[in-house]
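Novice: Following this line is data34.cif, made up of mmCIF, C-alpha atoms:
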```
data_final
#
loop_
_atom_site.label_atom_id
_atom_site.label_comp_id
_atom_site.auth_asym_id
_atom_site.auth_seq_id
_atom_site.Cartn_x
_atom_site.Cartn_y
_atom_site.Cartn_z
CA MET A 1 91.84 68.49 76.93
CA ASN A 2 88.79 66.47 76.04
CA LYS A 3 86.82 68.49 73.50
CA THR A 4 83.62 66.46 73.75
CA SER A 5 81.94 64.66 76.57
CA THR A 6 79.36 62.08 77.40
CA PHE A 7 79.35 63.34 81.00
CA SER A 8 75.91 64.71 81.68
CA PRO A 9 74.41 63.80 85.04
CA LEU A 10 71.87 66.53 84.48
CA ARG A 11 68.86 64.62 83.13
CA CYS A 12 65.47 66.09 83.90
CA ALA A 13 61.88 66.08 82.69
CA ALA A 14 62.09 69.64 81.37
CA SER A 15 64.84 68.66 78.96
CA ALA A 16 62.94 65.66 77.70
CA VAL A 17 59.75 67.65 77.18
CA SER A 18 61.38 70.59 75.42
CA GLY A 19 63.63 68.47 73.24
CA MET A 20 66.66 70.41 74.47
CA SER A 21 69.72 68.69 75.84
CA ASP A 22 70.87 69.65 79.30
CA HIS A 23 73.74 71.59 77.75
CA GLU A 24 71.30 73.53 75.57
CA ARG A 25 68.94 74.17 78.48
CA PHE A 26 71.67 75.68 80.63
CA MET A 27 73.18 77.60 77.73
CA ALA A 28 69.72 79.07 77.10
CA GLU A 29 69.87 80.43 80.66
CA ALA A 30 73.26 81.98 79.93
CA ILE A 31 71.90 83.46 76.70
CA GLY A 32 69.08 85.02 78.71
CA LEU A 33 71.69 86.76 80.88
CA ALA A 34 73.60 87.85 77.77
CA SER A 35 70.39 89.31 76.39
CA GLN A 36 69.94 91.27 79.62
CA ALA A 37 73.50 92.57 79.24
CA LEU A 38 72.78 93.64 75.66
CA ASP A 39 69.57 95.39 76.77
CA ALA A 40 71.68 97.29 79.32
CA GLY A 41 74.17 98.38 76.64
CA GLU A 42 76.80 95.89 77.77
CA PHE A 43 78.78 93.32 75.80
CA PRO A 44 76.37 90.35 75.58
CA VAL A 45 78.07 87.65 77.60
CA GLY A 46 76.21 85.55 80.15
CA CYS A 47 77.42 82.66 82.29
CA VAL A 48 75.81 80.10 84.59
CA ILE A 49 77.42 77.55 86.87
CA VAL A 50 75.52 74.30 87.33
CA ASP A 51 75.98 71.60 89.94
CA GLU A 52 75.71 67.86 89.36
CA ALA A 53 72.07 67.86 90.50
CA GLY A 54 71.20 70.19 87.62
CA GLN A 55 70.77 73.31 89.72
CA ILE A 56 72.13 76.69 88.68
CA VAL A 57 74.25 77.64 91.67
CA ALA A 58 75.70 80.91 90.36
CA SER A 59 75.48 83.24 87.40
CA GLY A 60 76.90 86.42 86.00
CA ARG A 61 76.66 88.71 83.01
CA ARG A 62 79.17 91.14 81.56
CA LEU A 63 79.35 94.49 83.32
CA HIS A 64 81.24 97.73 82.79
CA SER A 65 82.05 97.20 79.10
CA ALA A 66 80.39 100.49 78.12
CA GLY A 67 81.92 103.91 78.44
CA ALA A 68 85.25 105.52 77.74
CA CYS A 69 87.24 103.23 80.04
CA PRO A 70 85.72 99.74 80.13
CA SER A 71 86.72 97.30 82.85
CA GLU A 72 88.35 94.08 81.73
CA LEU A 73 87.77 92.47 85.12
CA ASP A 74 83.98 92.21 85.11
CA HIS A 75 83.66 89.30 82.72
CA ALA A 76 80.59 87.10 83.12
CA GLU A 77 82.64 84.06 84.18
CA ILE A 78 84.51 86.01 86.87
CA LEU A 79 81.27 87.46 88.22
CA ALA A 80 79.71 83.98 88.28
CA LEU A 81 82.71 82.66 90.23
CA ARG A 82 82.37 85.55 92.68
CA ALA A 83 78.67 84.75 93.09
CA LEU A 84 79.54 81.11 93.74
CA GLU A 85 82.04 82.09 96.41
CA ALA A 86 79.60 84.56 97.99
CA LYS A 87 77.17 81.68 98.55
CA GLY A 88 79.76 79.99 100.76
CA THR A 89 80.04 76.98 98.51
CA SER A 90 83.81 77.16 98.31
CA ALA A 91 84.13 73.78 100.06
CA CYS A 92 82.08 71.97 97.41
CA ASP A 93 83.69 69.68 94.86
CA ARG A 94 83.99 72.16 92.02
CA SER A 95 85.35 69.52 89.67
CA ARG A 96 81.74 68.35 89.26
CA LEU A 97 80.43 71.80 88.27
CA TRP A 98 79.71 72.87 84.70
CA VAL A 99 80.19 76.39 83.39
CA TYR A 100 78.06 77.59 80.49
CA SER A 101 79.23 80.80 78.81
CA THR A 102 77.85 82.48 75.72
CA LEU A 103 81.35 83.38 74.54
CA GLU A 104 84.47 81.23 74.60
CA PRO A 105 86.30 82.16 77.82
CA CYS A 106 89.36 84.34 77.48
CA LEU A 107 92.70 83.37 79.03
CA MET A 108 91.91 85.23 82.27
CA CYS A 109 88.56 83.50 82.69
CA LEU A 110 89.80 80.07 81.67
CA GLY A 111 92.67 80.37 84.14
CA ALA A 112 90.32 81.48 86.93
CA LEU A 113 87.93 78.60 86.20
CA LEU A 114 90.72 76.02 86.22
CA ILE A 115 92.38 77.39 89.36
CA SER A 116 88.94 77.34 91.01
CA GLY A 117 88.74 73.62 90.29
CA ILE A 118 86.12 73.73 87.53
CA ARG A 119 86.82 71.11 84.89
CA HIS A 120 83.71 71.21 82.65
CA ILE A 121 83.11 74.16 80.33
CA ALA A 122 80.62 74.64 77.52
CA TYR A 123 80.48 77.77 75.40
CA ALA A 124 78.25 79.00 72.60
CA PHE A 125 80.23 81.28 70.29
CA GLU A 126 83.94 81.05 69.55
CA ASP A 127 86.02 84.11 70.36
CA ALA A 128 88.23 84.44 67.29
CA MET A 129 90.24 87.20 68.93
CA GLY A 130 90.66 86.26 72.58
CA GLY A 131 89.28 82.79 73.17
CA ALA A 132 91.52 80.51 75.20
CA CYS A 133 89.70 77.18 75.13
CA ARG A 134 91.55 76.06 72.03
CA PHE A 135 94.84 76.81 73.78
CA GLU A 136 97.07 73.78 74.39
CA LEU A 137 97.32 73.44 78.17
CA ARG A 138 100.00 70.71 78.22
CA GLY A 139 102.82 73.24 78.15
CA LEU A 140 101.61 74.97 81.31
CA SER A 141 102.39 74.22 84.93
CA PRO A 142 100.67 71.36 86.83
CA LEU A 143 98.19 73.80 88.38
CA TYR A 144 96.45 73.86 85.00
CA THR A 145 97.25 70.40 83.66
CA ASP A 146 96.94 67.91 86.53
CA HIS A 147 93.24 67.29 85.89
CA PRO A 148 91.34 66.47 82.72
CA VAL A 149 89.24 69.30 81.33
CA THR A 150 86.11 68.85 79.25
CA ILE A 151 85.30 71.66 76.83
CA ILE A 152 82.24 71.61 74.60
CA PRO A 153 82.14 74.37 71.96
CA GLY A 154 79.19 75.57 69.90
CA VAL A 155 76.28 74.88 72.26
CA LEU A 156 73.45 77.10 70.96
CA ARG A 157 76.01 78.96 68.86
CA ASN A 158 73.53 80.69 66.54
CA PRO A 159 71.42 82.45 69.20
CA SER A 160 74.61 83.69 70.82
CA LEU A 161 76.02 84.77 67.46
CA ARG A 162 72.86 86.82 66.82
CA LEU A 163 73.34 88.68 70.12
CA PHE A 164 76.93 89.55 69.25
CA GLN A 165 75.95 90.62 65.74
CA SER A 166 73.24 92.84 67.19
CA TYR A 167 75.78 94.36 69.56
CA PHE A 168 78.39 95.07 66.87
CA ARG A 169 75.81 96.47 64.43
CA ASP A 170 74.75 99.13 66.92
CA PRO A 171 77.07 102.15 66.54
CA ARG A 172 76.38 103.18 70.16
CA ASN A 173 78.35 100.14 71.34
CA GLY A 174 82.01 101.08 71.16
CA TYR A 175 83.52 98.10 72.99
CA TRP A 176 85.67 96.11 70.55
CA GLN A 177 84.15 97.88 67.52
CA GLY A 178 86.43 97.43 64.51
CA SER A 179 88.30 94.57 66.18
CA LEU A 180 89.05 91.13 64.80
CA LEU A 181 86.18 89.79 66.92
CA ALA A 182 83.74 92.34 65.48
CA THR A 183 84.80 91.65 61.90
CA TYR A 184 84.71 87.88 62.39
CA THR A 185 81.31 88.03 64.08
CA LEU A 186 79.70 90.29 61.50
CA ASN A 187 80.93 88.04 58.67
CA ARG A 188 79.29 84.89 60.08
CA ALA A 189 76.02 83.65 58.60
#
```
Please lay out the structure from this file as structure tokens.

Specialist:
Amino acid sequence: MNKTSTFSPLRCAASAVSGMSDHERFMAEAIGLASQALDAGEFPVGCVIVDEAGQIVASGRRLHSAGACPSELDHAEILALRALEAKGTSACDRSRLWVYSTLEPCLMCLGALLISGIRHIAYAFEDAMGGACRFELRGLSPLYTDHPVTIIPGVLRNPSLRLFQSYFRDPRNGYWQGSLLATYTLNRA
């Protein structure tokens, strides 16, 4: 896996004016979705999928993490993939798409992204408990390893970290309270 990239066909005037890189601009969109999730009492993960023309073609935010029996299927990345498929863009060349997620994708989400043909992933905050992007893919079957994957960690890490810290500091939010992820997150500066 390539951990850094110079691939960025997404140059636009808005990025130049704001001083933000394309990766930061799209991560800011994902952080906006994560903030909406937090406002709704959900785990603050947001995700956008961007095409090579610099257009957001799908998005999702974490759902159903609150309550006594949270769903582990409604992750932001999975919901963004579902939104992409609902638009009928399944025939597009997904290897040119970028995914921007506010939290390092878990094994389920990383697997779904790779099987879907997505090869470019940027995330904001590392998931010390369940993140899969630091996982060595070479030992897996060709379905996961036949194509190069670009992963860029730490894009707008601090704004994302603040959302997770806000979530874990609120005693009303029971999802993953007391976990390794909560402890790790709350101990970051």

Novice: Looking at all atoms listed in the file, which of A:Arg169, A:Pro44, A:Ala124, A:Ser95 is the one that sits closest to Thr150 in chain A?

Specialist: A:Ser95

Novice: For the provided coordinates, the residues matched by the PyMOL selection byres ((chain A and resi 155) around 12) should be stated as a PyMOL selection string.

Specialist: chain A and resi 4+20-31+99-104+121-126+151-154+156-161

Novice: Produce a table with one row for each residue of range 74-189 of chain A that has an atom at most 8 Å from any atom of range 53-67 of chain A, each row naming the nearest atom pair and its distance in Å at one decimal; use only C-alpha atoms; arrange rows by chain and rising residue number; format as JSON lines.

Specialist:
```
{"residue": "A:Asp74", "atom": "CA", "partner": "A:Leu63", "partner_atom": "CA", "distance": 5.5}
{"residue": "A:His75", "atom": "CA", "partner": "A:Arg62", "partner_atom": "CA", "distance": 5.0}
{"residue": "A:Ala76", "atom": "CA", "partner": "A:Arg61", "partner_atom": "CA", "distance": 4.2}
{"residue": "A:Glu77", "atom": "CA", "partner": "A:Gly60", "partner_atom": "CA", "distance": 6.5}
{"residue": "A:Ile78", "atom": "CA", "partner": "A:Gly60", "partner_atom": "CA", "distance": 7.7}
{"residue": "A:Leu79", "atom": "CA", "partner": "A:Gly60", "partner_atom": "CA", "distance": 5.0}
{"residue": "A:Ala80", "atom": "CA", "partner": "A:Gly60", "partner_atom": "CA", "distance": 4.4}
{"residue": "A:Leu81", "atom": "CA", "partner": "A:Ala58", "partner_atom": "CA", "distance": 7.2}
{"residue": "A:Ala83", "atom": "CA", "partner": "A:Ala58", "partner_atom": "CA", "distance": 5.6}
{"residue": "A:Leu84", "atom": "CA", "partner": "A:Ala58", "partner_atom": "CA", "distance": 5.1}
{"residue": "A:Asn173", "atom": "CA", "partner": "A:Ala66", "partner_atom": "CA", "distance": 7.1}
{"residue": "A:Gly174", "atom": "CA", "partner": "A:Ala66", "partner_atom": "CA", "distance": 7.2}
{"residue": "A:Tyr175", "atom": "CA", "partner": "A:Ser65", "partner_atom": "CA", "distance": 6.3}
```

Novice: Could you dump the residues just selected with C-alpha atoms as a short mmCIF file (atom, residue, chain, number, x, y, z; two decimals), keeping the file's coordinate frame?

Specialist:
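Written out: selection.cif:
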```
data_model
loop_
_atom_site.label_atom_id
_atom_site.label_comp_id
_atom_site.auth_asym_id
_atom_site.auth_seq_id
_atom_site.Cartn_x
_atom_site.Cartn_y
_atom_site.Cartn_z
CA ASP A 74 83.98 92.21 85.11
CA HIS A 75 83.66 89.30 82.72
CA ALA A 76 80.59 87.10 83.12
CA GLU A 77 82.64 84.06 84.18
CA ILE A 78 84.51 86.01 86.87
CA LEU A 79 81.27 87.46 88.22
CA ALA A 80 79.71 83.98 88.28
CA LEU A 81 82.71 82.66 90.23
CA ALA A 83 78.67 84.75 93.09
CA LEU A 84 79.54 81.11 93.74
CA ASN A 173 78.35 100.14 71.34
CA GLY A 174 82.01 101.08 71.16
CA TYR A 175 83.52 98.10 72.99
#
```

Novice: Dig up all the protein and nucleic acid residues within 12 Å of (83.6, 69.3, 93.6) in the file frame, using only C-alpha atoms, and format them as number ranges by chain.

Specialist: A: 50-52, 89-98, 116-120

Novice: Would you compute the distance between CA of Leu181 in chain A and CA of Met129 in chain A? Give it in Å to one decimal.

Specialist: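 Between these atoms lies a distance of 5.2 Å.
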
Novice: Which residues are near Ile115 in chain A? Cut-off 12 Å, all atoms listed in the file, ignore same chain within fewer than 4 positions. Put them as a list in words.

Specialist: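 Contacts, with the query itself left out: Ile78, Leu81, Arg94, Ser95, Leu107, Met108, Cys109, Leu110, Gly111, Arg119, Ser141, Pro142, Leu143, Tyr144, Thr145, Asp146, His147 and Val149 of chain A.
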
Novice: Using only C-alpha atoms, find the one residue out of A:Phe168, A:Lys87, A:Arg134, A:Cys106 that sits nearest to Leu73 in chain A.

Specialist: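 Closest to Leu73 in chain A, using only C-alpha atoms: A:Cys106.
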
Novice: Quick check, in Å to one decimal: how far apart do CA of Leu186 in chain A and CA of Val48 in chain A lie?

Specialist: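 Straight-line distance from CA of Leu186 in chain A to CA of Val48 in chain A works out to 25.5 Å.
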